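Below: run_6.csv (CSV, C-alpha atoms)
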chain,number,residue,atom,x,y,z
A,219,MET,CA,-5.6,38.7,-85.7
A,220,LYS,CA,-6.2,35.0,-85.2
A,221,SER,CA,-9.8,35.6,-84.3
A,222,LEU,CA,-10.3,37.8,-87.4
A,223,PHE,CA,-8.9,35.1,-89.6
A,224,GLY,CA,-11.2,32.6,-87.9
A,225,LEU,CA,-14.2,34.7,-88.6
A,226,PHE,CA,-13.1,35.2,-92.2
A,227,ASN,CA,-12.5,31.5,-92.6
A,228,GLN,CA,-15.9,30.6,-91.3
A,229,ARG,CA,-17.8,33.2,-93.4
A,230,ARG,CA,-15.4,33.1,-96.4
A,231,THR,CA,-18.1,32.2,-99.0
A,232,LEU,CA,-20.3,35.0,-97.9
A,233,PHE,CA,-17.4,37.5,-98.0
A,234,LEU,CA,-16.4,36.4,-101.5
A,235,LEU,CA,-19.9,36.7,-102.7
A,236,LEU,CA,-20.2,40.2,-101.4
A,237,PHE,CA,-16.9,41.0,-102.9
A,238,TYR,CA,-17.8,39.7,-106.3
A,239,ILE,CA,-21.2,41.6,-106.2
A,240,LEU,CA,-19.3,44.8,-105.3
A,241,LEU,CA,-16.8,44.2,-108.1
A,242,SER,CA,-19.6,43.6,-110.6
A,243,PHE,CA,-21.2,46.9,-109.8
A,244,ILE,CA,-17.8,48.7,-110.2
A,245,LEU,CA,-17.1,47.0,-113.5
A,246,MET,CA,-20.6,47.9,-114.7
A,247,THR,CA,-19.9,51.5,-114.1
A,248,LEU,CA,-16.7,51.5,-116.1
A,249,ASN,CA,-16.8,51.7,-119.9
A,250,ASP,CA,-13.1,52.1,-120.5
A,251,PRO,CA,-11.5,48.7,-121.5
A,252,PHE,CA,-8.1,49.9,-120.2
A,253,ASN,CA,-9.6,50.7,-116.8
A,254,ILE,CA,-11.4,47.4,-116.8
A,255,ARG,CA,-8.2,45.5,-117.7
A,256,GLY,CA,-6.4,47.4,-114.9
A,257,MET,CA,-9.2,46.7,-112.5
A,258,ARG,CA,-9.0,43.0,-113.5
A,259,ILE,CA,-5.2,42.9,-112.8
A,260,LEU,CA,-5.7,44.6,-109.5
A,261,VAL,CA,-8.4,42.2,-108.5
A,262,LEU,CA,-6.3,39.2,-109.5
A,263,GLN,CA,-3.3,40.6,-107.6
A,264,THR,CA,-5.5,41.3,-104.6
A,265,MET,CA,-7.0,37.8,-104.7
A,266,SER,CA,-3.5,36.4,-104.9
A,267,VAL,CA,-2.4,38.3,-101.9
A,268,VAL,CA,-5.5,37.3,-100.0
A,269,LYS,CA,-4.9,33.7,-101.0
A,270,ASN,CA,-1.3,33.8,-99.8
A,271,ILE,CA,-2.3,35.3,-96.5
A,272,GLU,CA,-5.0,32.7,-96.1
A,273,ASP,CA,-2.5,29.9,-96.9
A,274,LYS,CA,-0.1,31.3,-94.3
A,275,PHE,CA,-2.7,31.5,-91.7
A,276,THR,CA,-3.9,28.0,-92.5
A,277,TYR,CA,-0.3,26.8,-92.3
A,278,TRP,CA,0.3,28.4,-88.9
A,279,ASN,CA,-3.1,27.2,-87.6
A,280,ASN,CA,-2.4,23.7,-88.7
A,281,LEU,CA,1.1,23.9,-87.2
A,282,GLU,CA,-0.2,25.1,-83.9
A,283,GLN,CA,-2.8,22.3,-83.9
A,284,GLU,CA,-0.1,19.8,-84.8
A,285,ASN,CA,2.1,21.1,-81.9
A,286,SER,CA,-0.8,20.8,-79.5
A,287,ASP,CA,-1.4,17.2,-80.6
A,288,LEU,CA,2.3,16.4,-80.2
A,289,ARG,CA,2.4,17.9,-76.7
A,290,ARG,CA,-0.7,15.9,-75.8
A,291,GLN,CA,0.9,12.7,-77.2
A,292,LEU,CA,4.1,13.5,-75.3
A,293,LEU,CA,2.2,13.9,-72.1
A,294,GLU,CA,0.4,10.6,-72.6
A,295,VAL,CA,3.7,8.8,-73.3
A,296,SER,CA,5.2,10.4,-70.2
A,297,ILE,CA,2.3,9.4,-68.0
A,298,GLU,CA,2.4,5.8,-69.4
A,299,ASN,CA,6.1,5.7,-68.8
A,300,GLN,CA,5.7,6.8,-65.2
A,301,ARG,CA,3.0,4.1,-64.7
A,302,MET,CA,5.3,1.5,-66.2
A,303,GLN,CA,8.1,2.6,-63.8
A,304,GLU,CA,5.8,2.5,-60.8
A,305,SER,CA,4.6,-1.0,-61.9
A,306,MET,CA,8.1,-2.2,-62.2
A,307,LEU,CA,9.1,-0.8,-58.8
A,308,GLU,CA,5.9,-2.3,-57.2
A,309,ASN,CA,6.8,-5.7,-58.8
A,310,ILE,CA,10.3,-5.5,-57.3
A,311,ARG,CA,8.9,-4.7,-53.8
A,312,LEU,CA,6.3,-7.5,-54.0
A,313,ARG,CA,8.9,-10.0,-55.1
A,314,ARG,CA,11.1,-9.0,-52.2
A,315,LEU,CA,8.2,-9.4,-49.8
A,316,LEU,CA,7.2,-12.7,-51.2
A,317,LYS,CA,10.8,-14.0,-51.0
A,318,PHE,CA,11.0,-12.8,-47.4
A,319,LYS,CA,7.7,-14.6,-46.5
A,320,GLU,CA,8.8,-17.8,-48.1
A,321,GLU,CA,12.3,-17.8,-46.6
A,322,HIS,CA,11.1,-17.1,-43.1
A,323,LYS,CA,8.0,-19.3,-43.3
A,324,ILE,CA,5.8,-16.9,-41.5
A,325,ASP,CA,2.0,-16.8,-41.3
A,326,ALA,CA,1.2,-13.4,-42.5
A,327,VAL,CA,-1.2,-11.4,-44.6
A,328,ALA,CA,0.2,-8.9,-47.2
A,329,ALA,CA,-1.3,-5.4,-47.0
A,330,ASN,CA,-1.1,-2.2,-48.9
A,331,VAL,CA,-0.8,1.2,-47.0
A,332,ILE,CA,-3.7,3.2,-48.3
A,333,GLY,CA,-3.6,6.2,-46.0
A,334,PHE,CA,-2.8,7.7,-42.6
A,335,GLY,CA,-4.9,7.5,-39.5
A,336,GLN,CA,-7.0,10.6,-38.7
A,337,GLU,CA,-6.4,10.4,-34.9
A,338,GLN,CA,-4.9,13.5,-33.4
A,339,THR,CA,-3.0,11.7,-30.7
A,340,ILE,CA,-1.9,8.5,-32.5
A,341,ARG,CA,0.3,8.1,-35.5
A,342,SER,CA,-1.1,5.2,-37.6
A,343,LEU,CA,-1.4,3.7,-41.1
A,344,VAL,CA,-4.6,2.6,-42.8
A,345,LEU,CA,-4.2,-0.9,-44.4
A,346,ASP,CA,-6.4,-2.4,-47.0
A,347,VAL,CA,-7.0,-5.7,-45.1
A,348,GLY,CA,-9.3,-6.3,-42.2
A,349,GLU,CA,-11.4,-8.8,-40.4
A,350,LYS,CA,-12.3,-10.6,-43.6
A,351,GLU,CA,-8.6,-11.5,-44.0
A,352,GLY,CA,-8.4,-12.5,-40.3
A,353,ILE,CA,-6.8,-9.3,-39.1
A,354,ALA,CA,-7.4,-8.5,-35.4
A,355,LYS,CA,-6.3,-6.1,-32.7
A,356,ASN,CA,-2.6,-6.2,-31.5
A,357,MET,CA,-1.4,-8.3,-34.5
A,358,VAL,CA,2.2,-7.3,-35.3
A,359,VAL,CA,3.0,-5.4,-38.5
A,360,VAL,CA,6.4,-5.8,-40.2
A,361,THR,CA,8.3,-5.5,-43.4
A,362,GLU,CA,11.3,-7.4,-44.6
A,363,LYS,CA,13.4,-4.7,-43.0
A,364,GLY,CA,11.9,-4.9,-39.5
A,365,LEU,CA,9.2,-3.9,-37.1
A,366,VAL,CA,6.5,-1.4,-38.2
A,367,GLY,CA,4.1,-1.6,-35.2
A,368,LYS,CA,0.8,-3.3,-34.3
A,369,ILE,CA,-2.8,-3.3,-35.3
A,370,LEU,CA,-4.9,-0.9,-33.3
A,371,ASP,CA,-8.3,-1.9,-34.6
A,372,ALA,CA,-9.8,-3.9,-37.5
A,373,GLU,CA,-12.9,-3.3,-39.6
A,374,PRO,CA,-14.3,-5.8,-42.1
A,375,GLU,CA,-12.2,-4.5,-45.1
A,376,GLN,CA,-9.5,-2.3,-43.5
A,377,SER,CA,-7.5,-1.8,-40.4
A,378,HIS,CA,-5.3,0.8,-38.5
A,379,ALA,CA,-1.8,0.1,-37.5
A,380,GLN,CA,0.0,2.1,-34.9
A,381,ILE,CA,3.7,2.7,-35.9
A,382,LEU,CA,6.8,2.9,-33.7
A,383,MET,CA,7.1,6.5,-34.5
A,384,ASP,CA,4.3,7.4,-32.1
A,385,ARG,CA,4.6,8.7,-28.6
A,386,ASN,CA,2.2,6.1,-27.3
A,387,ALA,CA,4.1,3.2,-28.8
A,388,LEU,CA,6.5,1.4,-26.3
A,389,VAL,CA,8.2,-1.8,-27.2
A,390,SER,CA,10.4,-4.1,-25.0
A,391,VAL,CA,13.7,-4.6,-26.9
A,392,ARG,CA,17.1,-6.2,-26.5
A,393,LEU,CA,20.6,-5.2,-27.5
A,394,GLN,CA,21.9,-8.1,-29.6
A,395,LYS,CA,25.4,-8.2,-28.2
A,396,SER,CA,25.1,-7.4,-24.6
A,397,ARG,CA,21.6,-9.0,-24.3
A,398,GLU,CA,20.6,-6.1,-22.1
A,399,THR,CA,16.9,-5.2,-22.3
A,400,GLY,CA,15.3,-1.8,-22.5
A,401,VAL,CA,12.3,0.0,-23.8
A,402,ILE,CA,12.0,1.7,-27.2
A,403,GLY,CA,10.0,4.9,-27.4
A,404,TRP,CA,9.7,7.9,-29.7
A,405,SER,CA,10.1,11.5,-28.6
A,406,GLY,CA,9.2,13.3,-31.8
A,407,ASN,CA,12.3,13.3,-34.0
A,408,LEU,CA,13.9,11.0,-36.7
A,409,TRP,CA,15.2,8.6,-34.0
A,410,LEU,CA,13.8,6.1,-31.6
A,411,ASP,CA,14.9,6.4,-28.0
A,412,LEU,CA,16.3,3.3,-26.2
A,413,ASN,CA,15.6,3.8,-22.5
A,414,TYR,CA,16.7,2.1,-19.2
A,415,ILE,CA,20.1,0.8,-20.4
A,416,PRO,CA,22.5,1.2,-17.3
A,417,LYS,CA,25.7,3.2,-17.7
A,418,ASP,CA,27.9,0.2,-17.0
A,419,ILE,CA,26.6,-1.7,-20.1
A,420,ASN,CA,28.9,-1.5,-23.1
A,421,VAL,CA,26.8,-0.3,-26.1
A,422,GLU,CA,28.4,0.2,-29.5
A,423,VAL,CA,27.3,2.4,-32.4
A,424,GLY,CA,25.8,0.1,-35.1
A,425,GLU,CA,24.7,-2.5,-32.6
A,426,LEU,CA,21.5,-4.3,-33.6
A,427,VAL,CA,18.3,-3.7,-31.5
A,428,ILE,CA,15.7,-6.4,-31.6
A,429,THR,CA,12.4,-7.1,-29.9
A,430,SER,CA,13.0,-8.9,-26.6
A,431,GLY,CA,10.0,-11.2,-26.5
A,432,LEU,CA,9.2,-10.0,-23.0
A,433,SER,CA,5.8,-8.9,-24.3
A,434,GLN,CA,2.4,-10.4,-24.9
A,435,ILE,CA,2.3,-8.7,-28.3
A,436,TYR,CA,5.7,-8.6,-30.0
A,437,PRO,CA,7.6,-11.9,-30.5
A,438,GLU,CA,11.3,-12.1,-30.0
A,439,GLY,CA,13.9,-11.3,-32.6
A,440,ILE,CA,12.2,-8.7,-34.9
A,441,LYS,CA,14.7,-6.1,-36.0
A,442,VAL,CA,13.8,-2.6,-34.6
A,443,GLY,CA,16.9,-0.7,-35.7
A,444,LEU,CA,20.6,0.1,-35.1
A,445,VAL,CA,22.2,2.1,-32.4
A,446,GLY,CA,23.1,5.5,-33.8
A,447,GLU,CA,24.3,7.6,-30.8
A,448,VAL,CA,25.3,6.8,-27.3
A,449,GLU,CA,25.6,9.5,-24.6
A,450,GLU,CA,26.4,9.3,-20.9
A,451,ASN,CA,25.8,11.8,-18.1
A,452,LYS,CA,27.5,11.2,-14.8
A,453,TYR,CA,24.5,12.5,-12.9
A,454,GLU,CA,22.1,10.0,-14.6
A,455,LEU,CA,21.8,6.2,-14.1
A,456,PHE,CA,21.1,5.3,-17.7
A,457,LYS,CA,22.7,6.0,-21.0
A,458,LYS,CA,21.0,8.1,-23.6
A,459,ILE,CA,20.8,6.0,-26.7
A,460,LYS,CA,19.4,7.0,-30.1
A,461,VAL,CA,18.3,4.2,-32.5
A,462,LYS,CA,17.9,4.5,-36.2
A,463,PRO,CA,14.7,2.7,-37.2
A,464,ALA,CA,15.2,-0.3,-39.5
A,465,VAL,CA,12.0,0.7,-41.4
A,466,GLU,CA,11.7,3.9,-43.4
A,467,PHE,CA,8.3,4.9,-42.3
A,468,ASN,CA,7.8,7.7,-44.8
A,469,LYS,CA,8.3,5.2,-47.7
A,470,LEU,CA,6.0,2.4,-46.5
A,471,GLU,CA,3.7,1.1,-49.3
A,472,GLU,CA,3.4,-2.7,-48.5
A,473,VAL,CA,3.6,-4.5,-45.2
A,474,PHE,CA,2.9,-7.8,-43.5
A,475,VAL,CA,0.5,-8.4,-40.7
A,476,LEU,CA,1.6,-11.5,-38.7
A,477,THR,CA,-1.4,-13.6,-38.1
A,478,SER,CA,0.7,-16.1,-36.1
A,479,SER,CA,4.0,-15.3,-34.3
A,480,ASP,CA,4.9,-18.9,-33.5
A,481,SER,CA,7.4,-19.2,-36.4
A,482,LEU,CA,9.3,-16.1,-35.1
A,483,MET,CA,9.5,-17.0,-31.4
A,484,GLY,CA,13.0,-17.2,-30.1
A,485,GLU,CA,14.8,-17.4,-33.4
A,486,GLY,CA,15.3,-13.7,-34.4
A,487,LYS,CA,14.4,-14.4,-38.0
A,488,ILE,CA,13.6,-10.8,-39.0
A,489,ALA,CA,16.7,-9.5,-37.2
A,490,GLN,CA,19.2,-10.7,-39.8

Translate the structure of the given file into structure tokens.
Amino acid sequence: MKSLFGLFNQRRTLFLLLFYILLSFILMTLNDPFNIRGMRILVLQTMSVVKNIEDKFTYWNNLEQENSDLRRQLLEVSIENQRMQESMLENIRLRRLLKFKEEHKIDAVAANVIGFGQEQTIRSLVLDVGEKEGIAKNMVVVTEKGLVGKILDAEPEQSHAQILMDRNALVSVRLQKSRETGVIGWSGNLWLDLNYIPKDINVEVGELVITSGLSQIYPEGIKVGLVGEVEENKYELFKKIKVKPAVEFNKLEEVFVLTSSDSLMGEGKIAQ
């Protein structure tokens, strides 16, 4: 029906002309004034009906167009609102990172996470900073919450960072209370595994795990996570300890690459 009306609307002048020509021929064949008057009334009524139908179609067509315009405007407003919310959240994150950098007086380069590494055997992030910003292999990557990982390689304008949640990533750590050292690794779940802690060492759930500094890469005192589970087996020499990572790796958007670790050595500044 809509297509028929559209065709009529486009060729309305032609249709009316043909109708009037046909009507003229009919009237010319009629000699009875009564019939002519009746025909005139019928024509007027028909034209009135046609005009009403046309007006209704025009109204509904305009209404549909108006609804389409309103839906488009609503979509534009919704997208703009989402962009504003994202900008606000990004501003909050960046202010938090800037405050963290200023409070801890660290030499670091801020970077955005722009993708995930394509290596099949290594879990890594792609950062939007590289050699031009002074980024080099084995530099430590952190957020204000704790340790992310280290730089695997750097290109002129971007770099790849291996994260802790990778089977190849091993970090020497220390339990904050007992001062016992162990090694953090990842076995493929949501937790980090703290290995080589003897059974006679008292380990509490919620205890802080930090980097030990017994490494040529990671400085001392960076927060790695909190002890989440502790298990013992009488046939094994070491406890089974699960550590909840301090960093939410699936939410990473901005990080710091430490260009100098001197300001962190021995003070545990990111372990607060």

field: Contacts of A:Asp411 within 6 Å, only C-alpha atoms, excl. fewer than 2 positions in-chain, as number ranges by chain
entry: A: 402-404, 460

- request: Kindly indicate which residue among A:Asp371, A:Glu362, A:Asp325, A:Glu282 lies nearest to A:Val347, using only C-alpha atoms for the distances.
  value: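 Residue with the minimum atom-to-atom distance to A:Val347: A:Asp371.
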
- request: Kindly give the distance, in Å, that separates atom CA of A:Val358 and atom CA of A:Asp346, rounded to a single decimal.
  value: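 Taking atom CA of A:Val358 as the start and atom CA of A:Asp346 as the end point, the length is 15.3 Å.
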
Name the residues in contact with A:Leu388 at a cut-off of 12 Å, using all atoms listed in the file, excluding same-chain residues fewer than 4 positions from it; report them as a CSV table (one decimal) with C-alpha atoms, keeping the file's coordinate frame.
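Generated file (result06.csv):
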chain,number,residue,atom,x,y,z
A,367,GLY,CA,4.1,-1.6,-35.2
A,368,LYS,CA,0.8,-3.3,-34.3
A,380,GLN,CA,0.0,2.1,-34.9
A,381,ILE,CA,3.7,2.7,-35.9
A,382,LEU,CA,6.8,2.9,-33.7
A,383,MET,CA,7.1,6.5,-34.5
A,384,ASP,CA,4.3,7.4,-32.1
A,400,GLY,CA,15.3,-1.8,-22.5
A,401,VAL,CA,12.3,0.0,-23.8
A,402,ILE,CA,12.0,1.7,-27.2
A,403,GLY,CA,10.0,4.9,-27.4
A,404,TRP,CA,9.7,7.9,-29.7
A,405,SER,CA,10.1,11.5,-28.6
A,410,LEU,CA,13.8,6.1,-31.6
A,411,ASP,CA,14.9,6.4,-28.0
A,412,LEU,CA,16.3,3.3,-26.2
A,413,ASN,CA,15.6,3.8,-22.5
A,429,THR,CA,12.4,-7.1,-29.9
A,433,SER,CA,5.8,-8.9,-24.3
A,435,ILE,CA,2.3,-8.7,-28.3
A,436,TYR,CA,5.7,-8.6,-30.0
A,442,VAL,CA,13.8,-2.6,-34.6

statement: Atom pair atom CA of A:Lys395 + atom CA of A:Thr361, distance 23.0 Å

For A:Ile340, list every protein, DNA or RNA residue within 10 Å, evaluated using all atoms listed in the file, and leave out those in the same chain fewer than 2 positions away; present the list as a PDB file with C-alpha atoms, keeping the file's coordinate frame.
ATOM      1  CA  GLY A 335      -4.900   7.500 -39.500  1.00  0.00           C
ATOM      2  CA  GLN A 336      -7.000  10.600 -38.700  1.00  0.00           C
ATOM      3  CA  GLU A 337      -6.400  10.400 -34.900  1.00  0.00           C
ATOM      4  CA  GLN A 338      -4.900  13.500 -33.400  1.00  0.00           C
ATOM      5  CA  SER A 342      -1.100   5.200 -37.600  1.00  0.00           C
ATOM      6  CA  LEU A 343      -1.400   3.700 -41.100  1.00  0.00           C
ATOM      7  CA  LEU A 370      -4.900  -0.900 -33.300  1.00  0.00           C
ATOM      8  CA  ALA A 379      -1.800   0.100 -37.500  1.00  0.00           C
ATOM      9  CA  GLN A 380       0.000   2.100 -34.900  1.00  0.00           C
ATOM     10  CA  ILE A 381       3.700   2.700 -35.900  1.00  0.00           C
ATOM     11  CA  MET A 383       7.100   6.500 -34.500  1.00  0.00           C
ATOM     12  CA  ASP A 384       4.300   7.400 -32.100  1.00  0.00           C
ATOM     13  CA  ARG A 385       4.600   8.700 -28.600  1.00  0.00           C
ATOM     14  CA  ASN A 386       2.200   6.100 -27.300  1.00  0.00           C
ATOM     15  CA  ALA A 387       4.100   3.200 -28.800  1.00  0.00           C
TER      16      ALA A 387
END

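For the pair atom CA of A:Asn468 and atom CA of A:Phe334, the interatomic distance is 10.8 Å.
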